[in-house]
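Chemist: Just final38.cif, nothing more (mmCIF, C-alpha atoms):
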data_run
#
loop_
_atom_site.label_atom_id
_atom_site.label_comp_id
_atom_site.auth_asym_id
_atom_site.auth_seq_id
_atom_site.Cartn_x
_atom_site.Cartn_y
_atom_site.Cartn_z
CA MET A 991 8.34 3.92 15.73
CA GLU A 992 11.59 2.76 14.20
CA LEU A 993 12.73 4.79 11.17
CA GLU A 994 15.31 3.89 8.55
CA VAL A 995 16.01 6.48 5.87
CA SER A 996 18.75 6.03 3.32
CA PHE A 997 19.88 7.06 -0.16
CA THR A 998 21.84 5.18 -2.76
CA ASN A 999 23.08 5.79 -6.28
CA GLN A 1000 22.97 2.04 -6.94
CA PRO A 1001 19.97 -0.24 -7.66
CA ILE A 1002 17.84 -0.49 -4.52
CA ALA A 1003 18.25 -3.84 -2.80
CA GLU A 1004 15.22 -5.56 -1.36
CA SER A 1005 14.61 -4.99 2.32
CA ARG A 1006 16.17 -7.78 4.32
CA ALA A 1007 14.92 -6.80 7.75
CA PRO A 1008 12.75 -9.46 9.38
CA LEU A 1009 9.14 -8.55 10.03
CA THR A 1010 8.87 -6.44 13.16
CA SER A 1011 7.60 -8.43 16.13
CA GLY A 1012 3.89 -7.84 16.66
CA ALA A 1013 3.26 -6.67 13.09
CA GLY A 1014 0.04 -7.82 11.44
CA SER A 1015 0.68 -5.84 8.26
CA MET A 1016 3.62 -5.21 6.00
CA VAL A 1017 3.26 -2.90 3.01
CA GLU A 1018 5.94 -2.31 0.43
CA PHE A 1019 5.86 0.28 -2.34
CA ARG A 1020 8.16 0.75 -5.28
CA GLY A 1021 8.00 3.85 -7.44
CA VAL A 1022 9.47 2.92 -10.79
CA VAL A 1023 10.87 5.07 -13.62
CA ARG A 1024 8.51 4.97 -16.58
CA SER A 1025 9.51 5.13 -20.23
CA LEU A 1026 7.75 8.44 -20.91
CA GLU A 1027 8.62 11.70 -19.16
CA LYS A 1028 6.40 14.63 -20.10
CA GLY A 1029 5.33 12.68 -23.18
CA GLU A 1030 8.89 12.09 -24.42
CA PRO A 1031 10.45 8.61 -24.55
CA ILE A 1032 13.42 8.29 -22.23
CA SER A 1033 15.87 5.58 -21.26
CA ALA A 1034 16.55 6.92 -17.76
CA LEU A 1035 15.78 9.74 -15.35
CA VAL A 1036 18.35 11.73 -13.41
CA TYR A 1037 17.61 12.57 -9.79
CA ASP A 1038 19.40 15.04 -7.58
CA LEU A 1039 18.90 15.63 -3.88
CA TYR A 1040 19.93 17.75 -0.92
CA LYS A 1041 20.85 14.70 1.07
CA PRO A 1042 21.14 15.93 4.69
CA MET A 1043 17.99 17.99 4.39
CA ALA A 1044 16.08 15.24 2.58
CA THR A 1045 17.01 12.82 5.37
CA LYS A 1046 15.85 15.25 8.03
CA VAL A 1047 12.62 16.22 6.29
CA ILE A 1048 11.68 12.59 5.60
CA GLN A 1049 12.22 11.71 9.26
CA GLU A 1050 10.12 14.69 10.33
CA ILE A 1051 7.29 13.77 7.95
CA LEU A 1052 7.27 10.13 9.07
CA THR A 1053 7.27 11.17 12.72
CA GLU A 1054 4.45 13.64 12.14
CA ILE A 1055 2.27 11.14 10.27
CA GLY A 1056 3.14 8.55 12.92
CA THR A 1057 1.52 10.54 15.70
CA ALA A 1058 -1.89 9.97 14.07
CA GLN A 1059 -0.99 6.66 12.37
CA PRO A 1060 1.44 4.92 14.70
CA CYS A 1061 3.38 2.21 12.91
CA LEU A 1062 6.07 -0.12 14.18
CA ARG A 1063 8.76 0.52 11.59
CA VAL A 1064 9.14 2.56 8.40
CA GLU A 1065 11.95 2.15 5.92
CA VAL A 1066 12.54 4.61 3.07
CA ILE A 1067 15.19 4.22 0.41
CA HIS A 1068 15.46 6.80 -2.37
CA ARG A 1069 17.83 6.30 -5.26
CA TYR A 1070 19.58 9.23 -6.97
CA GLY A 1071 21.82 9.78 -9.97
CA THR A 1072 20.83 8.12 -13.24
CA ILE A 1073 17.99 5.59 -12.84
CA PRO A 1074 17.14 3.47 -15.91
CA VAL A 1075 13.55 2.96 -17.01
CA GLY A 1076 11.93 0.07 -15.14
CA GLU A 1077 14.11 0.46 -12.05
CA THR A 1078 12.99 1.63 -8.63
CA ALA A 1079 13.45 5.28 -7.68
CA ILE A 1080 11.85 5.01 -4.25
CA TYR A 1081 11.20 2.07 -1.98
CA LEU A 1082 9.03 2.21 1.12
CA ARG A 1083 8.25 -0.50 3.64
CA VAL A 1084 5.84 -0.07 6.53
CA ASP A 1085 5.41 -2.66 9.30
CA SER A 1086 2.38 -1.96 11.47
CA THR A 1087 0.09 -3.71 13.91
CA HIS A 1088 -2.97 -3.29 11.68
CA ARG A 1089 -3.14 -2.59 7.98
CA GLY A 1090 -5.07 0.69 8.30
CA GLU A 1091 -2.25 2.79 9.73
CA GLY A 1092 0.21 1.18 7.32
CA PHE A 1093 -1.88 2.17 4.30
CA ARG A 1094 -2.35 5.72 5.66
CA MET A 1095 1.37 6.06 6.37
CA LEU A 1096 2.28 5.00 2.84
CA GLU A 1097 -0.22 7.23 1.10
CA GLU A 1098 0.31 10.34 3.21
CA PHE A 1099 4.07 9.98 3.10
CA MET A 1100 4.13 9.79 -0.69
CA ASN A 1101 1.96 12.90 -0.93
CA ARG A 1102 4.21 14.80 1.44
CA LEU A 1103 7.36 13.55 -0.29
CA LYS A 1104 6.20 15.14 -3.50
CA GLN A 1105 5.55 18.46 -1.76
CA ASP A 1106 8.37 18.92 0.72
CA VAL A 1107 11.34 16.62 0.33
CA PRO A 1108 14.29 18.24 -1.51
CA ILE A 1109 14.71 15.64 -4.25
CA TRP A 1110 14.44 16.52 -7.93
CA LYS A 1111 14.08 14.83 -11.26
CA THR A 1112 16.60 17.01 -13.08
CA GLY A 1113 16.02 15.56 -16.53
CA GLY A 1114 15.43 12.56 -18.72
CA VAL A 1115 18.04 10.69 -20.72
CA PRO A 1116 16.67 10.47 -24.28
CA CYS A 1117 16.43 7.04 -25.89
CA MET B 1308 -6.18 -5.85 -16.16
CA GLU B 1309 -4.38 -9.12 -15.55
CA LEU B 1310 -5.61 -11.06 -12.50
CA GLU B 1311 -3.91 -13.92 -10.67
CA VAL B 1312 -5.79 -15.46 -7.78
CA SER B 1313 -4.55 -18.52 -5.96
CA PHE B 1314 -4.70 -20.40 -2.68
CA THR B 1315 -2.14 -22.50 -0.91
CA ASN B 1316 -1.87 -24.44 2.32
CA GLN B 1317 1.90 -23.91 2.30
CA PRO B 1318 3.92 -20.79 3.22
CA ILE B 1319 3.30 -18.12 0.60
CA ALA B 1320 6.25 -17.71 -1.75
CA GLU B 1321 7.31 -14.25 -2.81
CA SER B 1322 5.92 -13.06 -6.12
CA ARG B 1323 8.40 -13.82 -8.88
CA ALA B 1324 6.59 -12.13 -11.74
CA PRO B 1325 8.63 -9.34 -13.35
CA LEU B 1326 7.23 -5.84 -13.07
CA THR B 1327 4.49 -5.32 -15.65
CA SER B 1328 5.67 -3.26 -18.60
CA GLY B 1329 4.59 0.36 -18.24
CA ALA B 1330 4.12 0.17 -14.46
CA GLY B 1331 5.24 3.16 -12.41
CA SER B 1332 4.05 1.67 -9.14
CA MET B 1333 4.21 -1.69 -7.45
CA VAL B 1334 2.55 -2.21 -4.09
CA GLU B 1335 2.79 -5.37 -2.05
CA PHE B 1336 0.84 -6.17 1.09
CA ARG B 1337 1.21 -9.02 3.53
CA GLY B 1338 -1.36 -9.69 6.21
CA VAL B 1339 0.40 -11.60 8.95
CA VAL B 1340 -0.97 -13.77 11.78
CA ARG B 1341 -0.50 -12.01 15.10
CA SER B 1342 0.20 -13.66 18.43
CA LEU B 1343 -3.06 -12.56 20.04
CA GLU B 1344 -6.52 -13.54 18.77
CA LYS B 1345 -9.41 -11.97 20.68
CA GLY B 1346 -6.99 -11.24 23.51
CA GLU B 1347 -5.76 -14.82 23.86
CA PRO B 1348 -2.18 -15.87 23.03
CA ILE B 1349 -2.05 -18.29 20.11
CA SER B 1350 0.65 -20.11 18.19
CA ALA B 1351 -1.30 -20.33 14.92
CA LEU B 1352 -4.63 -19.56 13.28
CA VAL B 1353 -6.68 -22.00 11.25
CA TYR B 1354 -8.33 -20.74 8.05
CA ASP B 1355 -11.00 -22.45 6.01
CA LEU B 1356 -12.39 -21.37 2.67
CA TYR B 1357 -14.95 -22.14 -0.02
CA LYS B 1358 -12.29 -22.24 -2.67
CA PRO B 1359 -14.19 -22.04 -5.99
CA MET B 1360 -16.48 -19.32 -4.67
CA ALA B 1361 -13.62 -17.39 -3.03
CA THR B 1362 -11.76 -17.44 -6.35
CA LYS B 1363 -14.80 -16.18 -8.23
CA VAL B 1364 -15.73 -13.48 -5.70
CA ILE B 1365 -12.15 -12.18 -5.51
CA GLN B 1366 -12.00 -11.92 -9.30
CA GLU B 1367 -15.35 -10.11 -9.36
CA ILE B 1368 -14.26 -7.66 -6.64
CA LEU B 1369 -10.96 -6.91 -8.39
CA THR B 1370 -12.73 -6.39 -11.71
CA GLU B 1371 -15.30 -4.12 -10.11
CA ILE B 1372 -12.71 -1.96 -8.33
CA GLY B 1373 -10.65 -1.96 -11.51
CA THR B 1374 -13.34 -0.17 -13.49
CA ALA B 1375 -12.80 2.92 -11.33
CA GLN B 1376 -9.14 2.22 -10.48
CA PRO B 1377 -7.69 0.53 -13.54
CA CYS B 1378 -4.47 -1.29 -12.70
CA LEU B 1379 -2.18 -3.34 -14.91
CA ARG B 1380 -1.98 -6.52 -12.85
CA VAL B 1381 -3.25 -7.74 -9.51
CA GLU B 1382 -2.04 -10.87 -7.76
CA VAL B 1383 -3.77 -12.31 -4.70
CA ILE B 1384 -2.57 -15.34 -2.75
CA HIS B 1385 -4.48 -16.47 0.33
CA ARG B 1386 -3.15 -19.22 2.53
CA TYR B 1387 -5.46 -21.66 4.35
CA GLY B 1388 -5.11 -24.46 6.86
CA THR B 1389 -2.94 -23.85 9.92
CA ILE B 1390 -0.88 -20.65 9.66
CA PRO B 1391 1.72 -20.07 12.39
CA VAL B 1392 2.07 -16.70 14.10
CA GLY B 1393 4.33 -14.37 12.11
CA GLU B 1394 3.53 -15.98 8.76
CA THR B 1395 1.57 -14.44 5.92
CA ALA B 1396 -2.13 -15.26 5.58
CA ILE B 1397 -2.74 -13.02 2.57
CA TYR B 1398 -0.41 -11.54 -0.03
CA LEU B 1399 -1.42 -8.89 -2.53
CA ARG B 1400 0.60 -7.30 -5.29
CA VAL B 1401 -0.66 -4.49 -7.49
CA ASP B 1402 1.23 -3.20 -10.53
CA SER B 1403 -0.21 0.05 -11.87
CA THR B 1404 0.74 2.96 -14.06
CA HIS B 1405 0.47 5.47 -11.20
CA ARG B 1406 0.54 4.86 -7.49
CA GLY B 1407 -2.92 6.33 -6.82
CA GLU B 1408 -4.97 3.54 -8.38
CA GLY B 1409 -2.65 0.95 -6.86
CA PHE B 1410 -3.21 2.29 -3.34
CA ARG B 1411 -6.99 2.46 -3.90
CA MET B 1412 -7.08 -1.07 -5.30
CA LEU B 1413 -5.20 -2.44 -2.29
CA GLU B 1414 -7.29 -0.65 0.30
CA GLU B 1415 -10.69 -1.23 -1.28
CA PHE B 1416 -9.92 -4.86 -2.01
CA MET B 1417 -8.94 -5.58 1.58
CA ASN B 1418 -12.15 -3.97 2.83
CA ARG B 1419 -14.25 -6.00 0.43
CA LEU B 1420 -12.34 -9.20 1.22
CA LYS B 1421 -13.35 -8.88 4.83
CA GLN B 1422 -17.00 -8.40 3.89
CA ASP B 1423 -17.65 -10.75 1.01
CA VAL B 1424 -15.02 -13.40 0.36
CA PRO B 1425 -15.90 -16.82 1.82
CA ILE B 1426 -12.76 -17.35 3.90
CA TRP B 1427 -12.88 -17.89 7.65
CA LYS B 1428 -10.61 -17.90 10.62
CA THR B 1429 -12.08 -21.00 12.24
CA GLY B 1430 -10.00 -20.84 15.40
CA GLY B 1431 -6.69 -20.23 17.10
CA VAL B 1432 -4.20 -22.85 18.14
CA PRO B 1433 -3.38 -22.15 21.82
CA CYS B 1434 0.27 -21.72 22.78
CA MET C 1097 -37.17 -36.16 -7.46
CA SER C 1098 -34.98 -33.04 -7.17
CA SER C 1099 -31.99 -32.29 -4.97
CA VAL C 1100 -29.35 -29.67 -4.22
CA ARG C 1101 -25.89 -30.14 -2.79
CA VAL C 1102 -25.45 -28.17 0.44
CA LEU C 1103 -22.03 -27.12 1.74
CA PHE C 1104 -21.49 -26.04 5.35
CA PHE C 1105 -18.63 -23.75 6.36
CA ALA C 1106 -17.04 -22.53 9.59
CA ALA C 1107 -19.67 -22.15 12.35
CA ALA C 1108 -22.34 -23.72 10.14
CA ARG C 1109 -20.13 -26.75 9.66
CA ASP C 1110 -19.56 -27.02 13.40
CA ALA C 1111 -23.31 -26.88 13.96
CA ALA C 1112 -24.08 -29.38 11.20
CA GLY C 1113 -21.33 -31.77 12.15
CA VAL C 1114 -20.69 -32.53 8.46
CA GLU C 1115 -19.08 -30.70 5.56
CA GLU C 1116 -21.90 -31.28 3.13
CA THR C 1117 -25.22 -32.94 2.57
CA ALA C 1118 -27.97 -33.24 -0.03
CA VAL C 1119 -31.46 -31.83 0.33
CA SER C 1120 -34.09 -33.56 -1.80
CA TRP C 1121 -37.69 -32.87 -2.62
CA ASP C 1122 -40.39 -34.40 -4.77
CA GLY C 1123 -41.12 -33.23 -8.27
CA ASP C 1124 -39.34 -30.84 -10.65
CA ALA C 1125 -40.59 -27.53 -9.26
CA PRO C 1126 -37.94 -25.17 -7.88
CA LEU C 1127 -37.64 -25.00 -4.11
CA LYS C 1128 -38.33 -21.76 -2.26
CA GLN C 1129 -35.71 -20.87 0.32
CA ASP C 1130 -38.20 -21.12 3.18
CA GLU C 1131 -38.99 -24.64 2.06
CA PHE C 1132 -35.26 -25.37 1.85
CA TRP C 1133 -34.76 -24.28 5.45
CA GLN C 1134 -37.67 -26.41 6.61
CA LEU C 1135 -36.15 -29.48 4.96
CA LEU C 1136 -32.71 -28.66 6.34
CA GLU C 1137 -34.02 -28.18 9.86
CA VAL C 1138 -35.32 -31.73 10.06
CA ARG C 1139 -31.82 -33.18 9.82
CA PHE C 1140 -29.70 -30.24 11.07
CA PRO C 1141 -31.69 -28.48 13.77
CA ALA C 1142 -28.51 -26.93 15.24
CA VAL C 1143 -27.93 -24.94 12.02
CA LEU C 1144 -31.25 -23.11 12.20
CA PRO C 1145 -30.28 -20.68 15.01
CA LEU C 1146 -27.44 -19.46 12.76
CA ARG C 1147 -29.80 -18.64 9.90
CA PRO C 1148 -30.06 -14.89 10.60
CA GLY C 1149 -26.27 -14.54 10.19
CA LEU C 1150 -25.90 -16.82 7.19
CA ARG C 1151 -25.79 -15.72 3.58
CA LEU C 1152 -26.83 -18.22 0.99
CA ALA C 1153 -24.72 -18.77 -2.10
CA LYS C 1154 -26.11 -20.55 -5.12
CA ASN C 1155 -23.61 -21.88 -7.64
CA LEU C 1156 -20.85 -19.68 -6.16
CA GLU C 1157 -22.91 -16.49 -6.05
CA TYR C 1158 -24.69 -14.75 -3.20
CA VAL C 1159 -28.44 -14.75 -3.78
CA THR C 1160 -31.34 -12.91 -2.18
CA GLN C 1161 -34.01 -14.70 -0.18
CA SER C 1162 -36.43 -14.60 -3.10
CA GLU C 1163 -34.16 -16.69 -5.35
CA PRO C 1164 -35.52 -20.25 -5.68
CA LEU C 1165 -33.31 -23.33 -5.78
CA PHE C 1166 -33.25 -25.69 -8.73
CA SER C 1167 -32.29 -29.32 -8.81
CA GLY C 1168 -28.54 -29.63 -9.26
CA ASP C 1169 -27.71 -26.31 -7.63
CA GLU C 1170 -24.78 -26.10 -5.26
CA VAL C 1171 -25.84 -24.24 -2.14
CA GLY C 1172 -23.27 -22.78 0.25
CA LEU C 1173 -24.21 -21.64 3.75
CA ILE C 1174 -21.89 -18.68 4.38
CA PRO C 1175 -21.36 -17.46 7.95
CA PRO C 1176 -19.85 -13.99 8.43
CA VAL C 1177 -16.47 -14.11 6.69
CA SER C 1178 -13.14 -13.33 8.33
CA GLY C 1179 -10.39 -13.73 5.77
CA GLY C 1180 -7.22 -11.68 5.40
CA MET D 966 32.77 40.06 8.28
CA SER D 967 29.87 37.55 8.11
CA SER D 968 29.01 34.95 5.51
CA VAL D 969 26.60 32.15 4.71
CA ARG D 970 27.14 29.10 2.56
CA VAL D 971 24.63 28.95 -0.28
CA LEU D 972 23.67 25.70 -2.04
CA PHE D 973 21.92 25.66 -5.43
CA PHE D 974 19.78 22.72 -6.57
CA ALA D 975 18.11 21.60 -9.78
CA ALA D 976 16.89 24.60 -11.83
CA ALA D 977 18.59 27.02 -9.43
CA ARG D 978 21.88 25.23 -9.97
CA ASP D 979 21.44 25.38 -13.74
CA ALA D 980 20.79 29.10 -13.48
CA ALA D 981 23.69 29.73 -11.12
CA GLY D 982 26.13 27.57 -13.05
CA VAL D 983 27.68 26.41 -9.77
CA GLU D 984 26.66 24.04 -6.98
CA GLU D 985 27.44 26.43 -4.17
CA THR D 986 28.82 29.81 -3.25
CA ALA D 987 29.35 32.04 -0.23
CA VAL D 988 27.52 35.31 0.39
CA SER D 989 29.37 37.75 2.67
CA TRP D 990 28.48 40.99 4.32
CA ASP D 991 30.13 43.46 6.66
CA GLY D 992 29.63 43.36 10.40
CA ASP D 993 27.98 40.85 12.75
CA ALA D 994 24.34 41.82 12.27
CA PRO D 995 22.04 39.17 10.82
CA LEU D 996 21.14 39.54 7.18
CA LYS D 997 17.53 40.06 6.11
CA GLN D 998 16.41 37.84 3.25
CA ASP D 999 15.80 40.83 0.98
CA GLU D 1000 19.37 41.92 1.56
CA PHE D 1001 20.52 38.35 0.87
CA TRP D 1002 18.78 38.36 -2.50
CA GLN D 1003 20.31 41.71 -3.40
CA LEU D 1004 23.78 40.39 -2.68
CA LEU D 1005 23.07 37.15 -4.55
CA GLU D 1006 21.74 38.98 -7.58
CA VAL D 1007 25.02 40.80 -8.15
CA ARG D 1008 26.85 37.56 -8.90
CA PHE D 1009 23.98 35.30 -10.00
CA PRO D 1010 21.49 37.46 -11.89
CA ALA D 1011 20.00 34.42 -13.66
CA VAL D 1012 18.80 33.00 -10.33
CA LEU D 1013 16.62 36.00 -9.50
CA PRO D 1014 13.77 35.20 -11.94
CA LEU D 1015 13.36 31.85 -10.14
CA ARG D 1016 12.90 33.51 -6.77
CA PRO D 1017 9.07 33.33 -6.70
CA GLY D 1018 9.24 29.54 -7.03
CA LEU D 1019 12.10 28.95 -4.63
CA ARG D 1020 11.79 28.02 -0.99
CA LEU D 1021 14.66 28.94 1.27
CA ALA D 1022 16.05 26.38 3.70
CA LYS D 1023 18.27 27.46 6.58
CA ASN D 1024 20.33 24.76 8.26
CA LEU D 1025 18.19 22.04 6.65
CA GLU D 1026 14.84 23.60 7.56
CA TYR D 1027 12.38 25.59 5.49
CA VAL D 1028 12.10 29.15 6.82
CA THR D 1029 9.67 31.97 6.22
CA GLN D 1030 10.71 35.20 4.51
CA SER D 1031 10.97 37.02 7.83
CA GLU D 1032 13.68 34.71 9.16
CA PRO D 1033 17.08 36.49 9.11
CA LEU D 1034 20.34 34.78 8.18
CA PHE D 1035 23.25 34.53 10.59
CA SER D 1036 26.89 34.11 9.80
CA GLY D 1037 27.69 30.43 9.41
CA ASP D 1038 24.20 29.42 8.28
CA GLU D 1039 23.83 26.97 5.43
CA VAL D 1040 21.27 28.29 2.98
CA GLY D 1041 19.62 26.01 0.42
CA LEU D 1042 17.68 27.37 -2.54
CA ILE D 1043 14.93 24.81 -3.09
CA PRO D 1044 13.05 24.75 -6.40
CA PRO D 1045 9.74 22.88 -6.55
CA VAL D 1046 10.58 19.30 -5.59
CA SER D 1047 9.84 16.24 -7.73
CA GLY D 1048 11.04 13.17 -5.87
CA GLY D 1049 9.51 9.71 -5.81
#
Now, as a test, write the supplied structure out as structure tokens.
Modeler:
Amino acid sequence: MELEVSFTNQPIAESRAPLTSGAGSMVEFRGVVRSLEKGEPISALVYDLYKPMATKVIQEILTEIGTAQPCLRVEVIHRYGTIPVGETAIYLRVDSTHRGEGFRMLEEFMNRLKQDVPIWKTGGVPC
Amino acid sequence: MELEVSFTNQPIAESRAPLTSGAGSMVEFRGVVRSLEKGEPISALVYDLYKPMATKVIQEILTEIGTAQPCLRVEVIHRYGTIPVGETAIYLRVDSTHRGEGFRMLEEFMNRLKQDVPIWKTGGVPC
Amino acid sequence: MSSVRVLFFAAARDAAGVEETAVSWDGDAPLKQDEFWQLLEVRFPAVLPLRPGLRLAKNLEYVTQSEPLFSGDEVGLIPPVSGG
Amino acid sequence: MSSVRVLFFAAARDAAGVEETAVSWDGDAPLKQDEFWQLLEVRFPAVLPLRPGLRLAKNLEYVTQSEPLFSGDEVGLIPPVSGG
């Protein structure tokens, strides 16, 4: 299973990798900053991260999920710094032979991300 | 919930719609023709459909799933005719407030599609 | 004289050899599905063996076997689907 | 003389007022986590109330409370995460 994990403080560019050979399913997910944070209107969210550990933990989580849900390729890009409302904070792309393992990978990864990966929303930027 | 259902006998173009206002999640799925069909190598698959009924049934399924998993917008494009290996047969995009209902919509829709929507793989084109 | 338009798809089309046909019957009374199949069999005997696997759609909606057909209905013979 | 590098994140960083520090102790023996917290408290008392919600990472890996610290370790204080 090919893994690509990266971080950027710039807008996330679309994945340009060609579909992995043999893939019958490609799933992409974008988690986008919403205009309300804890009920308050914001114009942006600020994210911080422990980059080397986040990289390592994400790779470990993907590898662990991949033993039960083997996929061909998983790409994760998380943005940090100030992210305006309506822009993507996290991007995931899963290429897999069948759709089932791709859906499971996406869902389980996002659950684990929100438990174990050292990335934080450190605050909202008021409107 | 905004629905867009369409069919094409040409390569499926990427969705160009801007992210729906208020969305915190955008999921895209592509189901791609693989190079083996029932164990035999193929160069393409041929799809047929009962277009007006497929349109209606897809809309009904999306609406039904949407009562439990309300999303903001769902777009479905299914290609028909001869689809070469490596190209997309079905494209789905779900914009939703949270990721949970978007994931459920995608997964449940694909299961229902394969049970109830009058679209058929009518054969493979041998290599 | 009453009639319904009948559309064949996938394996049913292969068996019928045509994409569509019309099935006609005398009078204005609705046609029971068993009667429909009897009329269809006369001209498309090769479709009958598929009947157990076919779902019948009437005016773009799946219907149960008890649903009669009315003149002007569009009837689709739906083999097991395989989209996606 | 032994020491570990300590990194503060999110709420822990706000409480500490700095991004990182070093915690030092005499001798070569590993440092128990309780001892680590005692040393940390002297200079960063505001971090201590967060301790129940913090996970400790050693060299980029979460560790249990029984895991001692060795000189040269990188220690991260990890508040509840909220990525995605």
Chemist: Using CA of Pro1060 in chain A and CA of Phe1099 in chain A as the two end points, give the distance in Å to one decimal.
Modeler: 12.9 Å
Chemist: I'd like the contact shell of Glu984 in chain D - 9 Å cut-off, only C-alpha atoms, skipping same-chain residues fewer than 4 positions apart - returned as a list in words.
Modeler: Val971, Leu972, Phe973, Phe974, Ala977, Arg978 and Asp979 of chain D
Chemist: Which value, in Å to one decimal, gives the distance between CA of Gln1059 in chain A and CA of Thr1395 in chain B?
Modeler: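 Going from CA of Gln1059 in chain A over to CA of Thr1395 in chain B covers 22.2 Å.
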Chemist: Run the PyMOL selection byres ((chain B) within 12 of (chain D)) on the file and write out the hits as a PyMOL selection string.
Modeler: chain B and resi 1331-1332+1405-1406
Chemist: Write out as an MDAnalysis selection string every residue belonging to chain B that has an atom at most 12 Å from any atom of chain A, counting all atoms listed in the file.
Modeler: chainID B and resid 1321 1325:1344 1348 1392:1415 1417:1418
Chemist: Taking the file as shown, what set of residues would the PyMOL selection byres ((chain C and resi 1155-1157) around 12) give back, as an mmCIF file with C-alpha atoms, keeping the file's coordinate frame?
Modeler:
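Here's the written file result-v2.cif:
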data_model
loop_
_atom_site.group_PDB
_atom_site.id
_atom_site.type_symbol
_atom_site.label_atom_id
_atom_site.label_comp_id
_atom_site.auth_asym_id
_atom_site.auth_seq_id
_atom_site.Cartn_x
_atom_site.Cartn_y
_atom_site.Cartn_z
ATOM 1 C CA TYR B 1357 -14.950 -22.140 -0.020
ATOM 2 C CA LYS B 1358 -12.290 -22.240 -2.670
ATOM 3 C CA PRO B 1359 -14.190 -22.040 -5.990
ATOM 4 C CA MET B 1360 -16.480 -19.320 -4.670
ATOM 5 C CA ALA B 1361 -13.620 -17.390 -3.030
ATOM 6 C CA THR B 1362 -11.760 -17.440 -6.350
ATOM 7 C CA LYS B 1363 -14.800 -16.180 -8.230
ATOM 8 C CA VAL B 1364 -15.730 -13.480 -5.700
ATOM 9 C CA ILE B 1365 -12.150 -12.180 -5.510
ATOM 10 C CA GLU B 1367 -15.350 -10.110 -9.360
ATOM 11 C CA ASP B 1423 -17.650 -10.750 1.010
ATOM 12 C CA VAL B 1424 -15.020 -13.400 0.360
ATOM 13 C CA PRO B 1425 -15.900 -16.820 1.820
ATOM 14 C CA VAL C 1100 -29.350 -29.670 -4.220
ATOM 15 C CA ARG C 1101 -25.890 -30.140 -2.790
ATOM 16 C CA VAL C 1102 -25.450 -28.170 0.440
ATOM 17 C CA LEU C 1103 -22.030 -27.120 1.740
ATOM 18 C CA ARG C 1151 -25.790 -15.720 3.580
ATOM 19 C CA LEU C 1152 -26.830 -18.220 0.990
ATOM 20 C CA ALA C 1153 -24.720 -18.770 -2.100
ATOM 21 C CA LYS C 1154 -26.110 -20.550 -5.120
ATOM 22 C CA TYR C 1158 -24.690 -14.750 -3.200
ATOM 23 C CA VAL C 1159 -28.440 -14.750 -3.780
ATOM 24 C CA THR C 1160 -31.340 -12.910 -2.180
ATOM 25 C CA GLU C 1163 -34.160 -16.690 -5.350
ATOM 26 C CA LEU C 1165 -33.310 -23.330 -5.780
ATOM 27 C CA PHE C 1166 -33.250 -25.690 -8.730
ATOM 28 C CA SER C 1167 -32.290 -29.320 -8.810
ATOM 29 C CA GLY C 1168 -28.540 -29.630 -9.260
ATOM 30 C CA ASP C 1169 -27.710 -26.310 -7.630
ATOM 31 C CA GLU C 1170 -24.780 -26.100 -5.260
ATOM 32 C CA VAL C 1171 -25.840 -24.240 -2.140
ATOM 33 C CA GLY C 1172 -23.270 -22.780 0.250
ATOM 34 C CA LEU C 1173 -24.210 -21.640 3.750
ATOM 35 C CA ILE C 1174 -21.890 -18.680 4.380
#
Chemist: Could you jot down the CA of Gly1388 in chain B to CA of Ala1107 in chain C separation for me, Å, one decimal place?
Modeler: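 Taking CA of Gly1388 in chain B and CA of Ala1107 in chain C, their separation equals 15.7 Å.
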Chemist: Here's the selection I'm unsure about, the PyMOL selection byres ((chain C and resi 1144) around 12); applied to the file above, which residues does it give, as number ranges by chain?
Modeler: C: 1107-1109, 1111-1112, 1130, 1132-1143, 1145-1150, 1173
Chemist: Dig up all the protein and nucleic acid residues within 10 Å of (-9.7, -19.0, 21.4) in the file frame, using only C-alpha atoms, and format them as a ChimeraX atom specification.
Modeler: /B:1343-1349,1352,1429-1433
